[in-house]
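data.pdb, holding PDB, C-alpha atoms:
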ATOM      1  CA  TRP A  34       0.000   0.000   0.000
ATOM      2  CA  LEU A  35       2.874   2.379   0.658
ATOM      3  CA  VAL A  36       4.200   1.951  -2.869
ATOM      4  CA  ALA A  37       0.727   2.345  -4.350
ATOM      5  CA  GLY A  38       0.101   5.478  -2.301
ATOM      6  CA  SER A  39       3.422   7.006  -3.289
ATOM      7  CA  ALA A  40       2.736   6.282  -6.961
ATOM      8  CA  ALA A  41      -0.758   7.785  -6.750
ATOM      9  CA  ALA A  42       0.560  10.912  -5.015
ATOM     10  CA  GLN A  43       3.218  11.323  -7.693
ATOM     11  CA  PHE A  44       0.565  10.938 -10.372
ATOM     12  CA  VAL A  45      -1.520  13.703  -8.825
ATOM     13  CA  VAL A  46       1.355  16.168  -8.634
ATOM     14  CA  ASN A  47       3.030  15.306 -11.954
ATOM     15  CA  ALA A  48       0.149  14.482 -14.302
ATOM     16  CA  ALA A  49      -0.639  18.063 -15.329
ATOM     17  CA  PRO A  50       2.330  18.688 -17.674
ATOM     18  CA  ILE A  51       1.922  15.253 -19.260
ATOM     19  CA  ALA A  52      -1.804  15.767 -19.798
ATOM     20  CA  ALA A  53      -1.206  19.221 -21.240
ATOM     21  CA  GLY A  54       1.275  17.749 -23.705
ATOM     22  CA  LEU A  55      -1.305  15.211 -24.836
ATOM     23  CA  LEU A  56      -4.125  17.744 -25.102
ATOM     24  CA  ALA A  57      -2.256  20.529 -26.886
ATOM     25  CA  GLY A  58      -2.768  20.530 -30.639
ATOM     26  CA  PRO A  59      -0.026  20.811 -33.281
ATOM     27  CA  GLY A  60      -0.499  24.573 -33.450
ATOM     28  CA  GLU A  61      -0.344  25.002 -29.682
ATOM     29  CA  ARG A  62       3.210  23.854 -28.960
ATOM     30  CA  ALA A  63       4.402  27.359 -28.092
ATOM     31  CA  ARG A  64       1.521  27.760 -25.634
ATOM     32  CA  LEU A  65       2.405  24.361 -24.183
ATOM     33  CA  GLY A  66       5.941  25.525 -23.434
ATOM     34  CA  VAL A  67       4.591  28.603 -21.689
ATOM     35  CA  PHE A  68       2.111  26.530 -19.690
ATOM     36  CA  ILE A  69       4.767  24.096 -18.467
ATOM     37  CA  SER A  70       6.840  27.072 -17.302
ATOM     38  CA  VAL A  71       3.787  28.377 -15.439
ATOM     39  CA  VAL A  72       3.329  24.961 -13.790
ATOM     40  CA  VAL A  73       6.944  25.075 -12.597
ATOM     41  CA  PHE A  74       6.410  28.601 -11.274
ATOM     42  CA  ALA A  75       3.216  27.619  -9.427
ATOM     43  CA  ARG A  76       5.066  24.729  -7.766
ATOM     44  CA  MET A  77       7.675  26.945  -6.131
ATOM     45  CA  PRO A  78       6.059  26.665  -2.663
ATOM     46  CA  LEU A  79       6.256  22.865  -2.927
ATOM     47  CA  PHE A  80      10.044  23.020  -2.973
ATOM     48  CA  ALA A  81      10.048  25.015   0.265
ATOM     49  CA  PHE A  82       7.478  22.646   1.757
ATOM     50  CA  ALA A  83       9.685  19.646   1.000
ATOM     51  CA  ALA A  84      12.470  21.278   3.003
ATOM     52  CA  VAL A  85      10.345  21.843   6.127
ATOM     53  CA  GLN A  86       8.328  18.632   5.857
ATOM     54  CA  ALA A  87      11.063  16.628   7.553
ATOM     55  CA  VAL A  88      10.965  19.031  10.503
ATOM     56  CA  LEU A  89       7.193  19.210  10.937
ATOM     57  CA  LEU A  90       6.080  15.607  10.569
ATOM     58  CA  PRO A  91       8.371  13.172  12.474
ATOM     59  CA  GLY A  92       6.799  13.950  15.849
ATOM     60  CA  LEU A  93       3.483  12.549  14.632
ATOM     61  CA  ALA A  94       4.916   9.050  14.320
ATOM     62  CA  ALA A  95       6.263   9.155  17.879
ATOM     63  CA  LEU A  96       2.902  10.274  19.274
ATOM     64  CA  ALA A  97       1.094   7.589  17.284
ATOM     65  CA  ALA A  98       3.509   4.922  18.532
ATOM     66  CA  ARG A  99       2.738   5.934  22.124
ATOM     67  CA  GLY A 100      -0.999   5.824  21.436
ATOM     68  CA  ASP A 101      -1.354   9.494  22.355
ATOM     69  CA  LEU A 102      -4.181  10.335  19.964
ATOM     70  CA  ALA A 103      -5.034  13.573  21.769
ATOM     71  CA  GLY A 104      -1.461  14.807  21.415
ATOM     72  CA  PHE A 105      -1.370  13.504  17.858
ATOM     73  CA  GLY A 106      -4.497  15.456  16.943
ATOM     74  CA  ALA A 107      -3.228  18.635  18.608
ATOM     75  CA  ARG A 108       0.127  18.478  16.831
ATOM     76  CA  LEU A 109      -1.559  17.691  13.528
ATOM     77  CA  ARG A 110      -3.821  20.724  13.871
ATOM     78  CA  ARG A 111      -0.800  22.949  14.507
ATOM     79  CA  ILE A 112       1.014  21.563  11.476
ATOM     80  CA  LEU A 113      -2.038  21.981   9.268
ATOM     81  CA  GLY A 114      -2.474  25.535  10.503
ATOM     82  CA  VAL A 115       1.108  26.427   9.609
ATOM     83  CA  VAL A 116       0.902  24.749   6.198
ATOM     84  CA  ALA A 117      -2.499  26.270   5.366
ATOM     85  CA  ALA A 118      -1.323  29.759   6.368
ATOM     86  CA  ALA A 119       1.838  29.408   4.293
ATOM     87  CA  ALA A 120      -0.141  28.080   1.331
ATOM     88  CA  LEU A 121      -2.670  30.916   1.497
ATOM     89  CA  GLY A 122      -0.072  33.634   1.971
ATOM     90  CA  GLY A 123       2.351  32.314  -0.607
ATOM     91  CA  GLY A 124      -0.441  31.516  -3.032
ATOM     92  CA  ALA A 125      -1.893  35.014  -2.800
ATOM     93  CA  VAL A 126       1.505  36.509  -3.605
ATOM     94  CA  LEU A 127       2.081  34.135  -6.525
ATOM     95  CA  VAL A 128      -1.310  34.874  -8.056
ATOM     96  CA  ALA A 129      -0.965  38.629  -7.529
ATOM     97  CA  VAL A 130       2.485  39.033  -9.074
ATOM     98  CA  GLY A 131       2.621  35.812 -11.081
ATOM     99  CA  PRO A 132       2.008  36.951 -14.667
ATOM    100  CA  PRO A 133       4.699  39.658 -14.764
ATOM    101  CA  LEU A 134       7.063  37.512 -12.701
ATOM    102  CA  VAL A 135       6.718  34.578 -15.110
ATOM    103  CA  THR A 136       7.717  36.910 -17.940
ATOM    104  CA  LEU A 137      10.641  38.246 -15.902
ATOM    105  CA  LEU A 138      11.915  34.775 -14.978
ATOM    106  CA  PHE A 139      11.419  32.937 -18.262
ATOM    107  CA  GLY A 140      11.563  35.644 -20.927
ATOM    108  CA  SER A 141       9.358  38.081 -22.807
ATOM    109  CA  GLN A 142       7.708  35.341 -24.883
ATOM    110  CA  PHE A 143       6.389  33.664 -21.727
ATOM    111  CA  ARG A 144       3.110  35.326 -20.827
ATOM    112  CA  THR A 145       0.295  33.965 -18.712
ATOM    113  CA  THR A 146      -2.883  35.169 -17.021
ATOM    114  CA  HIS A 147      -4.322  35.114 -13.513
ATOM    115  CA  GLU A 148      -7.051  32.794 -14.819
ATOM    116  CA  ILE A 149      -4.504  30.134 -15.808
ATOM    117  CA  LEU A 150      -2.319  30.602 -12.741
ATOM    118  CA  LEU A 151      -5.042  30.539 -10.071
ATOM    119  CA  PRO A 152      -6.078  26.840 -10.228
ATOM    120  CA  LEU A 153      -2.438  25.746 -10.352
ATOM    121  CA  VAL A 154      -1.533  27.759  -7.255
ATOM    122  CA  LEU A 155      -4.622  26.599  -5.358
ATOM    123  CA  ALA A 156      -3.831  23.010  -6.284
ATOM    124  CA  GLY A 157      -0.282  23.406  -4.996
ATOM    125  CA  GLY A 158      -1.518  24.586  -1.612
ATOM    126  CA  LEU A 159      -4.051  21.782  -1.361
ATOM    127  CA  TYR A 160      -1.412  19.248  -2.356
ATOM    128  CA  MET A 161       0.708  20.325   0.615
ATOM    129  CA  ILE A 162      -2.264  19.875   2.943
ATOM    130  CA  ALA A 163      -3.028  16.479   1.407
ATOM    131  CA  THR A 164       0.582  15.435   1.961
ATOM    132  CA  VAL A 165       0.343  16.274   5.668
ATOM    133  CA  LEU A 166      -2.916  14.328   5.982
ATOM    134  CA  SER A 167      -1.411  11.382   4.128
ATOM    135  CA  GLN A 168       1.670  11.332   6.353
ATOM    136  CA  ALA A 169      -0.581  11.453   9.409
ATOM    137  CA  LEU A 170      -2.468   8.389   8.180
ATOM    138  CA  ILE A 171       0.812   6.595   7.521
ATOM    139  CA  SER A 172       1.929   7.425  11.072
ATOM    140  CA  LEU A 173      -1.248   5.690  12.253
ATOM    141  CA  ARG A 174      -0.480   2.713   9.978
ATOM    142  CA  ARG A 175      -3.519   3.448   7.819
ATOM    143  CA  TYR A 176      -1.579   2.715   4.658
ATOM    144  CA  ALA A 177      -4.541   1.659   2.534
ATOM    145  CA  ALA A 178      -6.531   4.750   3.521
ATOM    146  CA  SER A 179      -3.656   6.983   2.464
ATOM    147  CA  ALA A 180      -3.257   5.218  -0.871
ATOM    148  CA  LEU A 181      -6.980   5.293  -1.615
ATOM    149  CA  GLY A 182      -7.174   9.000  -0.834
ATOM    150  CA  TRP A 183      -4.526   9.735  -3.443
ATOM    151  CA  ALA A 184      -6.098   7.291  -5.889
ATOM    152  CA  GLY A 185      -9.388   9.163  -5.582
ATOM    153  CA  GLY A 186      -7.580  12.346  -6.505
ATOM    154  CA  GLY A 187      -6.027  10.671  -9.523
ATOM    155  CA  ALA A 188      -9.444   9.493 -10.688
ATOM    156  CA  ALA A 189     -10.856  12.999 -10.241
ATOM    157  CA  PHE A 190      -8.032  14.375 -12.383
ATOM    158  CA  LEU A 191      -8.892  12.057 -15.258
ATOM    159  CA  VAL A 192     -12.617  12.821 -15.049
ATOM    160  CA  ALA A 193     -12.041  16.588 -14.916
ATOM    161  CA  LEU A 194      -9.956  16.422 -18.090
ATOM    162  CA  LEU A 195     -13.217  15.848 -19.957
ATOM    163  CA  ALA A 196     -14.247  19.481 -19.368
ATOM    164  CA  PRO A 197     -14.621  21.400 -22.667
ATOM    165  CA  LEU A 198     -11.986  24.059 -21.961
ATOM    166  CA  GLU A 199      -8.719  25.173 -23.502
ATOM    167  CA  PHE A 200      -5.956  22.772 -22.553
ATOM    168  CA  GLU A 201      -4.348  25.142 -20.012
ATOM    169  CA  LEU A 202      -7.570  25.629 -18.067
ATOM    170  CA  ARG A 203      -8.661  22.025 -18.502
ATOM    171  CA  THR A 204      -5.399  20.754 -17.063
ATOM    172  CA  GLY A 205      -5.255  23.350 -14.293
ATOM    173  CA  TYR A 206      -8.773  22.684 -13.089
ATOM    174  CA  ALA A 207      -8.232  18.926 -13.365
ATOM    175  CA  LEU A 208      -5.259  19.289 -11.031
ATOM    176  CA  LEU A 209      -7.341  21.413  -8.678
ATOM    177  CA  ALA A 210     -10.119  18.800  -8.695
ATOM    178  CA  ALA A 211      -7.580  16.078  -7.926
ATOM    179  CA  THR A 212      -6.222  17.899  -4.889
ATOM    180  CA  VAL A 213      -9.682  18.844  -3.592
ATOM    181  CA  VAL A 214     -10.794  15.203  -3.746
ATOM    182  CA  SER A 215      -7.561  13.972  -2.172
ATOM    183  CA  VAL A 216      -7.815  16.430   0.721
ATOM    184  CA  GLY A 217     -11.457  15.518   1.307
ATOM    185  CA  ALA A 218     -10.862  11.772   1.179
ATOM    186  CA  LEU A 219      -7.736  11.849   3.338
ATOM    187  CA  ALA A 220      -9.351  14.154   5.906
ATOM    188  CA  ALA A 221     -12.394  11.873   6.137
ATOM    189  CA  GLU A 222     -10.208   8.808   6.657
ATOM    190  CA  LEU A 223      -8.137  10.611   9.265
ATOM    191  CA  ARG A 224     -11.242  11.723  11.110
ATOM    192  CA  ARG A 225     -12.367   8.104  11.310
ATOM    193  CA  ALA A 226      -8.915   6.984  12.411
ATOM    194  CA  LEU A 227      -8.919   9.509  15.248
ATOM    195  CA  GLY A 228     -12.394   8.551  16.379
ATOM    196  CA  GLY A 229     -14.120  11.677  15.135
ATOM    197  CA  THR A 230     -11.517  14.209  16.272
ATOM    198  CA  PRO A 231     -12.132  17.132  13.927
ATOM    199  CA  THR A 232      -9.411  18.164  11.530
ATOM    200  CA  PRO A 233      -9.105  21.791  10.435
ATOM    201  CA  PRO A 234     -10.499  22.949   7.109
ATOM    202  CA  ALA A 235      -8.307  22.661   4.045
ATOM    203  CA  ALA A 236      -8.236  26.392   3.494
TER     204      ALA A 236
END
Structure encoded using structure tokens:
Amino acid sequence: WLVAGSAAAQFVVNAAPIAAGLLAGPGERARLGVFISVVVFARMPLFAFAAVQAVLLPGLAALAARGDLAGFGARLRRILGVVAAAALGGGAVLVAVGPPLVTLLFGSQFRTTHEILLPLVLAGGLYMIATVLSQALISLRRYAASALGWAGGGAAFLVALLAPLEFELRTGYALLAATVVSVGALAAELRRALGGTPTPPAA
């Protein structure tokens, strides 16, 4: 289940550029290059999150091993609060200054819009929250629940790709749908695992 969960999580976070490449038509290759650059830009908070993840999460496993579910829930709420605040703050900045900053970073031919950037940034924030929830389930040895939560997100991504939109928006909103479903499924499983202890909202 751990391998399956890891693969499903990687699918959720990495499927967007691949899907965009498949959806873009022969005359849209230049737009595809711009979109992939925008995806990289929107993921910038994920790189910072990976660096702090190792600091925030290990204590959960120790609390779970001791059977201290009250302490586990309290620590998890603090972690989720920090991650949600960082995602909201960083996401707001990225959306606000994103279009001109993308042009500055990648070149004058790389231009995007707030409409394209918004779902990608929101999805990045939700992915961080989903990762915390998934790690919490793994700490509680709920490996199947973690894997199924990510798998649900992957399924939502594929379904959302059917939306009749331009490939940038179709892919962006598919990624957003995937992370929304993953957060919801993982939070529900975690709530059951903790005996109904409420988890904080995703945003």
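Closest approach to A:Ser141 from the set A:Ala220, A:Ala52, A:Val67, A:Leu93 is made by A:Val67, with distances taken over all atoms listed in the file.
Between atom CA of A:Ala184 and atom CA of A:Leu150 there is a distance of 24.6 Å.
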The PyMOL selection byres ((chain A and resi 77) around 10) on the file shown: which residues, as a list in words?
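After applying the PyMOL selection byres ((chain A and resi 77) around 10), what remains is Val72, Val73, Phe74, Ala75, Arg76, Pro78, Leu79, Phe80, Ala81, Phe82, Gly123, Gly124, Leu127, Val154 and Gly157 of chain A.
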For stretch 161-177 of chain A: contacts at 8 Å, all atoms listed in the file, fewer than 2 positions along chain excluded, given as an MDAnalysis selection string
chainID A and resid 34:35 38 79 82 90 93:94 97:98 109 112:113 116:117 120 157:159 179:182 212 215:216 219:220 222:223 226 235
As a check of understanding: the span from atom CA of A:His147 to atom CA of A:Val71 is 10.7 Å
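Distance annotation: of A:Ala156, A:Val135, A:Leu194, A:Ala221, the residue with the minimal separation from A:Leu121 is A:Ala156; atom set is only C-alpha atoms.
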Selection near A:Ala189, 12 Å with only C-alpha atoms, sequence-local residues under 3 positions removed, as an NGL selection string:
:A and (41 or 44-45 or 48 or 182-186 or 192-196 or 204 or 206-218)
So how many Å separate atom CA of A:Ile69 and atom CA of A:Val46, to one decimal?
13.1 Å
I'd like the contact shell of A:Glu61 - 12 Å cut-off, only C-alpha atoms, skipping same-chain residues fewer than 6 positions apart - returned as an mmCIF file with C-alpha atoms, in the coordinates of the input.
data_model
loop_
_atom_site.group_PDB
_atom_site.id
_atom_site.type_symbol
_atom_site.label_atom_id
_atom_site.label_comp_id
_atom_site.auth_asym_id
_atom_site.auth_seq_id
_atom_site.Cartn_x
_atom_site.Cartn_y
_atom_site.Cartn_z
ATOM 1 C CA ALA A 53 -1.206 19.221 -21.240
ATOM 2 C CA GLY A 54 1.275 17.749 -23.705
ATOM 3 C CA LEU A 55 -1.305 15.211 -24.836
ATOM 4 C CA VAL A 67 4.591 28.603 -21.689
ATOM 5 C CA PHE A 68 2.111 26.530 -19.690
ATOM 6 C CA GLU A 199 -8.719 25.173 -23.502
ATOM 7 C CA PHE A 200 -5.956 22.772 -22.553
ATOM 8 C CA GLU A 201 -4.348 25.142 -20.012
#
